[in-house]
>>> print(open('entry.pdb').read())   # PDB, C-alpha atoms, pLDDT in the B column
ATOM      1  CA  MET A  57      69.772 -37.330 120.879  1.00 47.00           C
ATOM      2  CA  ALA A  58      69.102 -41.025 120.688  1.00 49.00           C
ATOM      3  CA  GLU A  59      66.950 -42.218 117.821  1.00 56.00           C
ATOM      4  CA  GLN A  60      64.152 -44.576 118.602  1.00 71.00           C
ATOM      5  CA  THR A  61      63.813 -47.501 116.290  1.00 79.00           C
ATOM      6  CA  ARG A  62      60.572 -49.349 116.130  1.00 79.00           C
ATOM      7  CA  SER A  63      59.944 -52.635 114.512  1.00 84.00           C
ATOM      8  CA  ILE A  64      57.471 -53.004 111.638  1.00 84.00           C
ATOM      9  CA  GLY A  65      55.325 -55.140 113.917  1.00 84.00           C
ATOM     10  CA  ASP A  66      55.060 -52.311 116.462  1.00 85.00           C
ATOM     11  CA  VAL A  67      54.157 -49.806 113.751  1.00 84.00           C
ATOM     12  CA  LEU A  68      51.492 -52.141 112.314  1.00 84.00           C
ATOM     13  CA  LYS A  69      50.108 -52.783 115.804  1.00 87.00           C
ATOM     14  CA  ASP A  70      49.813 -49.032 116.369  1.00 86.00           C
ATOM     15  CA  ILE A  71      48.064 -48.591 113.027  1.00 85.00           C
ATOM     16  CA  VAL A  72      45.591 -51.381 113.824  1.00 85.00           C
ATOM     17  CA  ASP A  73      44.897 -49.849 117.250  1.00 88.00           C
ATOM     18  CA  ASP A  74      44.360 -46.426 115.666  1.00 87.00           C
ATOM     19  CA  VAL A  75      41.953 -47.873 113.106  1.00 85.00           C
ATOM     20  CA  ARG A  76      40.031 -49.662 115.878  1.00 89.00           C
ATOM     21  CA  GLN A  77      39.688 -46.419 117.823  1.00 91.00           C
ATOM     22  CA  ILE A  78      38.541 -44.594 114.694  1.00 88.00           C
ATOM     23  CA  VAL A  79      35.922 -47.256 113.930  1.00 87.00           C
ATOM     24  CA  ARG A  80      34.596 -47.092 117.499  1.00 91.00           C
ATOM     25  CA  ALA A  81      34.422 -43.301 117.338  1.00 90.00           C
ATOM     26  CA  GLU A  82      32.590 -43.484 114.000  1.00 88.00           C
ATOM     27  CA  MET A  83      30.062 -45.919 115.455  1.00 89.00           C
ATOM     28  CA  ARG A  84      29.411 -43.591 118.395  1.00 92.00           C
ATOM     29  CA  LEU A  85      29.003 -40.643 116.033  1.00 89.00           C
ATOM     30  CA  ALA A  86      26.608 -42.614 113.809  1.00 88.00           C
ATOM     31  CA  ARG A  87      24.471 -43.604 116.828  1.00 90.00           C
ATOM     32  CA  VAL A  88      24.213 -40.011 118.033  1.00 91.00           C
ATOM     33  CA  GLU A  89      23.405 -38.718 114.558  1.00 89.00           C
ATOM     34  CA  ILE A  90      20.734 -41.353 113.935  1.00 90.00           C
ATOM     35  CA  ARG A  91      19.091 -40.567 117.285  1.00 90.00           C
ATOM     36  CA  GLU A  92      18.990 -36.909 116.286  1.00 87.00           C
ATOM     37  CA  LEU A  93      17.425 -37.744 112.906  1.00 87.00           C
ATOM     38  CA  LEU A  94      14.805 -39.986 114.511  1.00 89.00           C
ATOM     39  CA  GLY A  95      13.891 -37.186 116.899  1.00 85.00           C
ATOM     40  CA  ARG A  96      13.232 -34.903 113.946  1.00 84.00           C
ATOM     41  CA  ALA A  97      11.235 -37.631 112.182  1.00 88.00           C
ATOM     42  CA  ARG A  98       8.936 -37.802 115.191  1.00 89.00           C
ATOM     43  CA  THR A  99       7.204 -34.570 114.104  1.00 85.00           C
ATOM     44  CA  GLY A 100       6.284 -36.026 110.717  1.00 86.00           C
ATOM     45  CA  ALA A 101       5.040 -39.184 112.386  1.00 90.00           C
ATOM     46  CA  MET A 102       2.789 -37.122 114.655  1.00 91.00           C
ATOM     47  CA  PHE A 103       1.254 -35.390 111.605  1.00 91.00           C
ATOM     48  CA  VAL A 104       0.638 -38.728 109.902  1.00 92.00           C
ATOM     49  CA  ALA A 105      -0.869 -40.197 113.083  1.00 94.00           C
ATOM     50  CA  SER A 106      -3.156 -37.146 113.403  1.00 95.00           C
ATOM     51  CA  ALA A 107      -4.179 -37.584 109.769  1.00 94.00           C
ATOM     52  CA  ALA A 108      -5.037 -41.230 110.475  1.00 94.00           C
ATOM     53  CA  VAL A 109      -7.231 -40.259 113.446  1.00 95.00           C
ATOM     54  CA  PHE A 110      -9.081 -37.606 111.463  1.00 94.00           C
ATOM     55  CA  GLY A 111      -9.361 -39.975 108.502  1.00 93.00           C
ATOM     56  CA  MET A 112     -10.993 -42.625 110.701  1.00 92.00           C
ATOM     57  CA  MET A 113     -13.375 -40.036 112.128  1.00 92.00           C
ATOM     58  CA  ALA A 114     -14.225 -38.899 108.584  1.00 93.00           C
ATOM     59  CA  LEU A 115     -14.851 -42.468 107.496  1.00 87.00           C
ATOM     60  CA  GLY A 116     -17.148 -43.035 110.472  1.00 87.00           C
ATOM     61  CA  LEU A 117     -19.145 -39.917 109.758  1.00 87.00           C
ATOM     62  CA  LEU A 118     -19.295 -40.612 106.027  1.00 84.00           C
ATOM     63  CA  LEU A 119     -20.641 -44.072 106.767  1.00 77.00           C
ATOM     64  CA  LEU A 120     -23.128 -42.595 109.199  1.00 81.00           C
ATOM     65  CA  ALA A 121     -24.132 -40.139 106.494  1.00 82.00           C
ATOM     66  CA  ALA A 122     -24.719 -42.989 104.070  1.00 73.00           C
ATOM     67  CA  VAL A 123     -26.921 -44.776 106.596  1.00 71.00           C
ATOM     68  CA  PHE A 124     -28.913 -41.642 107.331  1.00 80.00           C
ATOM     69  CA  GLY A 125     -29.072 -40.901 103.610  1.00 76.00           C
ATOM     70  CA  LEU A 126     -30.735 -44.200 102.965  1.00 65.00           C
ATOM     71  CA  ALA A 127     -33.079 -43.786 105.936  1.00 71.00           C
ATOM     72  CA  THR A 128     -34.275 -40.288 105.176  1.00 73.00           C
ATOM     73  CA  VAL A 129     -34.588 -38.023 102.253  1.00 67.00           C
ATOM     74  CA  TRP A 130     -32.311 -35.015 102.933  1.00 64.00           C
ATOM     75  CA  PRO A 131     -31.510 -32.946 106.038  1.00 74.00           C
ATOM     76  CA  LEU A 132     -29.901 -35.350 108.526  1.00 78.00           C
ATOM     77  CA  TRP A 133     -27.467 -37.040 106.203  1.00 71.00           C
ATOM     78  CA  ALA A 134     -26.576 -33.772 104.469  1.00 76.00           C
ATOM     79  CA  ALA A 135     -25.357 -32.370 107.778  1.00 79.00           C
ATOM     80  CA  ALA A 136     -23.372 -35.518 108.579  1.00 78.00           C
ATOM     81  CA  LEU A 137     -21.911 -35.535 105.057  1.00 77.00           C
ATOM     82  CA  ALA A 138     -20.770 -31.906 105.407  1.00 77.00           C
ATOM     83  CA  VAL A 139     -19.045 -32.646 108.725  1.00 78.00           C
ATOM     84  CA  GLY A 140     -17.467 -35.824 107.356  1.00 80.00           C
ATOM     85  CA  GLY A 141     -16.238 -33.961 104.270  1.00 84.00           C
ATOM     86  CA  GLY A 142     -14.701 -31.264 106.464  1.00 81.00           C
ATOM     87  CA  LEU A 143     -12.871 -33.879 108.541  1.00 80.00           C
ATOM     88  CA  ALA A 144     -11.659 -35.596 105.379  1.00 89.00           C
ATOM     89  CA  ILE A 145     -10.222 -32.308 104.094  1.00 93.00           C
ATOM     90  CA  LEU A 146      -8.527 -31.686 107.457  1.00 91.00           C
ATOM     91  CA  GLY A 147      -7.061 -35.206 107.431  1.00 92.00           C
ATOM     92  CA  ALA A 148      -5.731 -34.702 103.889  1.00 94.00           C
ATOM     93  CA  VAL A 149      -4.072 -31.415 104.864  1.00 95.00           C
ATOM     94  CA  LEU A 150      -2.415 -32.996 107.918  1.00 94.00           C
ATOM     95  CA  CYS A 151      -1.247 -35.977 105.866  1.00 93.00           C
ATOM     96  CA  MET A 152       0.292 -33.718 103.217  1.00 93.00           C
ATOM     97  CA  ALA A 153       2.057 -31.686 105.934  1.00 93.00           C
ATOM     98  CA  GLY A 154       3.486 -34.871 107.472  1.00 91.00           C
ATOM     99  CA  MET A 155       4.641 -36.229 104.117  1.00 90.00           C
ATOM    100  CA  ARG A 156       6.270 -32.889 103.248  1.00 89.00           C
ATOM    101  CA  HIS A 157       8.140 -33.051 106.550  1.00 87.00           C
ATOM    102  CA  PHE A 158       9.401 -36.573 105.723  1.00 84.00           C
ATOM    103  CA  ARG A 159      10.519 -35.501 102.235  1.00 84.00           C
ATOM    104  CA  LEU A 160      12.591 -32.650 103.679  1.00 80.00           C
ATOM    105  CA  LEU A 161      14.253 -34.956 106.189  1.00 77.00           C
ATOM    106  CA  HIS A 162      17.641 -36.323 105.125  1.00 73.00           C
ATOM    107  CA  MET A 163      18.098 -39.688 106.831  1.00 70.00           C
ATOM    108  CA  ALA A 164      21.731 -40.290 105.842  1.00 72.00           C
ATOM    109  CA  PRO A 165      24.127 -39.511 108.714  1.00 74.00           C
ATOM    110  CA  GLN A 166      26.074 -36.767 106.873  1.00 77.00           C
ATOM    111  CA  LYS A 167      28.579 -36.006 109.658  1.00 79.00           C
ATOM    112  CA  THR A 168      29.510 -39.667 109.926  1.00 78.00           C
ATOM    113  CA  ILE A 169      29.911 -40.018 106.158  1.00 80.00           C
ATOM    114  CA  GLU A 170      32.185 -36.964 106.005  1.00 82.00           C
ATOM    115  CA  SER A 171      34.203 -38.182 108.966  1.00 80.00           C
ATOM    116  CA  VAL A 172      34.656 -41.637 107.429  1.00 80.00           C
ATOM    117  CA  LYS A 173      35.851 -40.051 104.180  1.00 82.00           C
ATOM    118  CA  GLU A 174      38.375 -37.965 106.127  1.00 82.00           C
ATOM    119  CA  ASN A 175      39.569 -41.046 108.007  1.00 79.00           C
ATOM    120  CA  ILE A 176      39.995 -43.009 104.784  1.00 80.00           C
ATOM    121  CA  GLN A 177      42.016 -40.163 103.307  1.00 81.00           C
ATOM    122  CA  TRP A 178      44.117 -39.983 106.499  1.00 78.00           C
ATOM    123  CA  ALA A 179      44.711 -43.740 106.412  1.00 74.00           C
ATOM    124  CA  LYS A 180      45.800 -43.556 102.773  1.00 76.00           C
ATOM    125  CA  THR A 181      48.327 -40.817 103.482  1.00 79.00           C
ATOM    126  CA  ARG A 182      49.631 -42.532 106.612  1.00 70.00           C
ATOM    127  CA  THR A 183      50.349 -45.828 104.872  1.00 62.00           C
TER     128      THR A 183
END
>>> encode(input="entry.pdb", output="structure tokens")
Amino acid sequence: MAEQTRSIGDVLKDIVDDVRQIVRAEMRLARVEIRELLGRARTGAMFVASAAVFGMMALGLLLLAAVFGLATVWPLWAAALAVGGGLAILGAVLCMAGMRHFRLLHMAPQKTIESVKENIQWAKTRT
């Protein structure tokens, strides 16, 4: 069997090419993982957006209640205040649900981090 001898330059070129391929693969993995995380974050954003809509409606009704409260003595503004208070409570509940969803979401690309650590360890053992 004939032994193949390779120059140091060829070996270094192969190592550089391997590292380039690894970096490209890591970038692709990071992009895919970040897209997945953003898709999950969309749910929390929808809760927060819903809370903002209900909060604006509550503010409008509370302001209307204040106007009616100044214009009359009791019944009309009391009804508007009750509805506005109910919408404010609903908005607060939706906002808390959205914030809880964001807190549970881990934005760091864990698969990519683990893969990079493995590649660093591989590169250390190979050199």
>>> closest_residue(input="entry.pdb", among="A:Ile145, A:Val88, A:Leu93, A:Ala127", to="A:Phe110", atoms="only C-alpha atoms")
A:Ile145
>>> closest_residue(input="entry.pdb", among="A:Leu150, A:Ala164, A:Val172, A:Ala136", to="A:Glu92", atoms="only C-alpha atoms")
A:Ala164
>>> resolve_selection(input="entry.pdb", expression="the PyMOL selection byres ((chain A and resi 161) around 12)", output="ChimeraX atom specification")
/A:90,92-101,154-160,162-166
>>> residues_around(input="entry.pdb", residues="A:Ala86", least_positions_apart="4", cutoff="9 Å", atoms="all atoms listed in the file", output="list of chain:residue names")
A:Ala81, A:Glu82, A:Ile90, A:Arg91, A:Pro165, A:Lys167, A:Thr168, A:Ile169
>>> resolve_selection(input="entry.pdb", expression="the PyMOL selection byres ((chain A and resi 148) around 12)", output="PyMOL selection string")
chain A and resi 103-112+114+141-147+149-155
>>> atom_distance(input="entry.pdb", atom1="atom CA of A:Leu118", atom2="atom CA of A:Pro131")
14.4 Å
>>> closest_residue(input="entry.pdb", among="A:Arg80, A:Trp133, A:Thr128, A:Gly140", to="A:Gly116", atoms="all atoms listed in the file")
A:Gly140
>>> atom_distance(input="entry.pdb", atom1="atom CA of A:Ile176", atom2="atom CA of A:Arg62")
24.3 Å
>>> atom_distance(input="entry.pdb", atom1="atom CA of A:Ile78", atom2="atom CA of A:Thr61")
25.5 Å
>>> closest_residue(input="entry.pdb", among="A:Asn175, A:Arg182, A:Leu119, A:Val139", to="A:Gln77", atoms="all atoms listed in the file")
A:Asn175
>>> axis_aligned_box(input="entry.pdb", around="stretch 137-145 of chain A", padding_each_side="6 Å", output="lines of an AutoDock Vina configuration file")
center_x = -16.1
center_y = -33.5
center_z = 106.4
size_x = 23.7
size_y = 16.6
size_z = 16.6
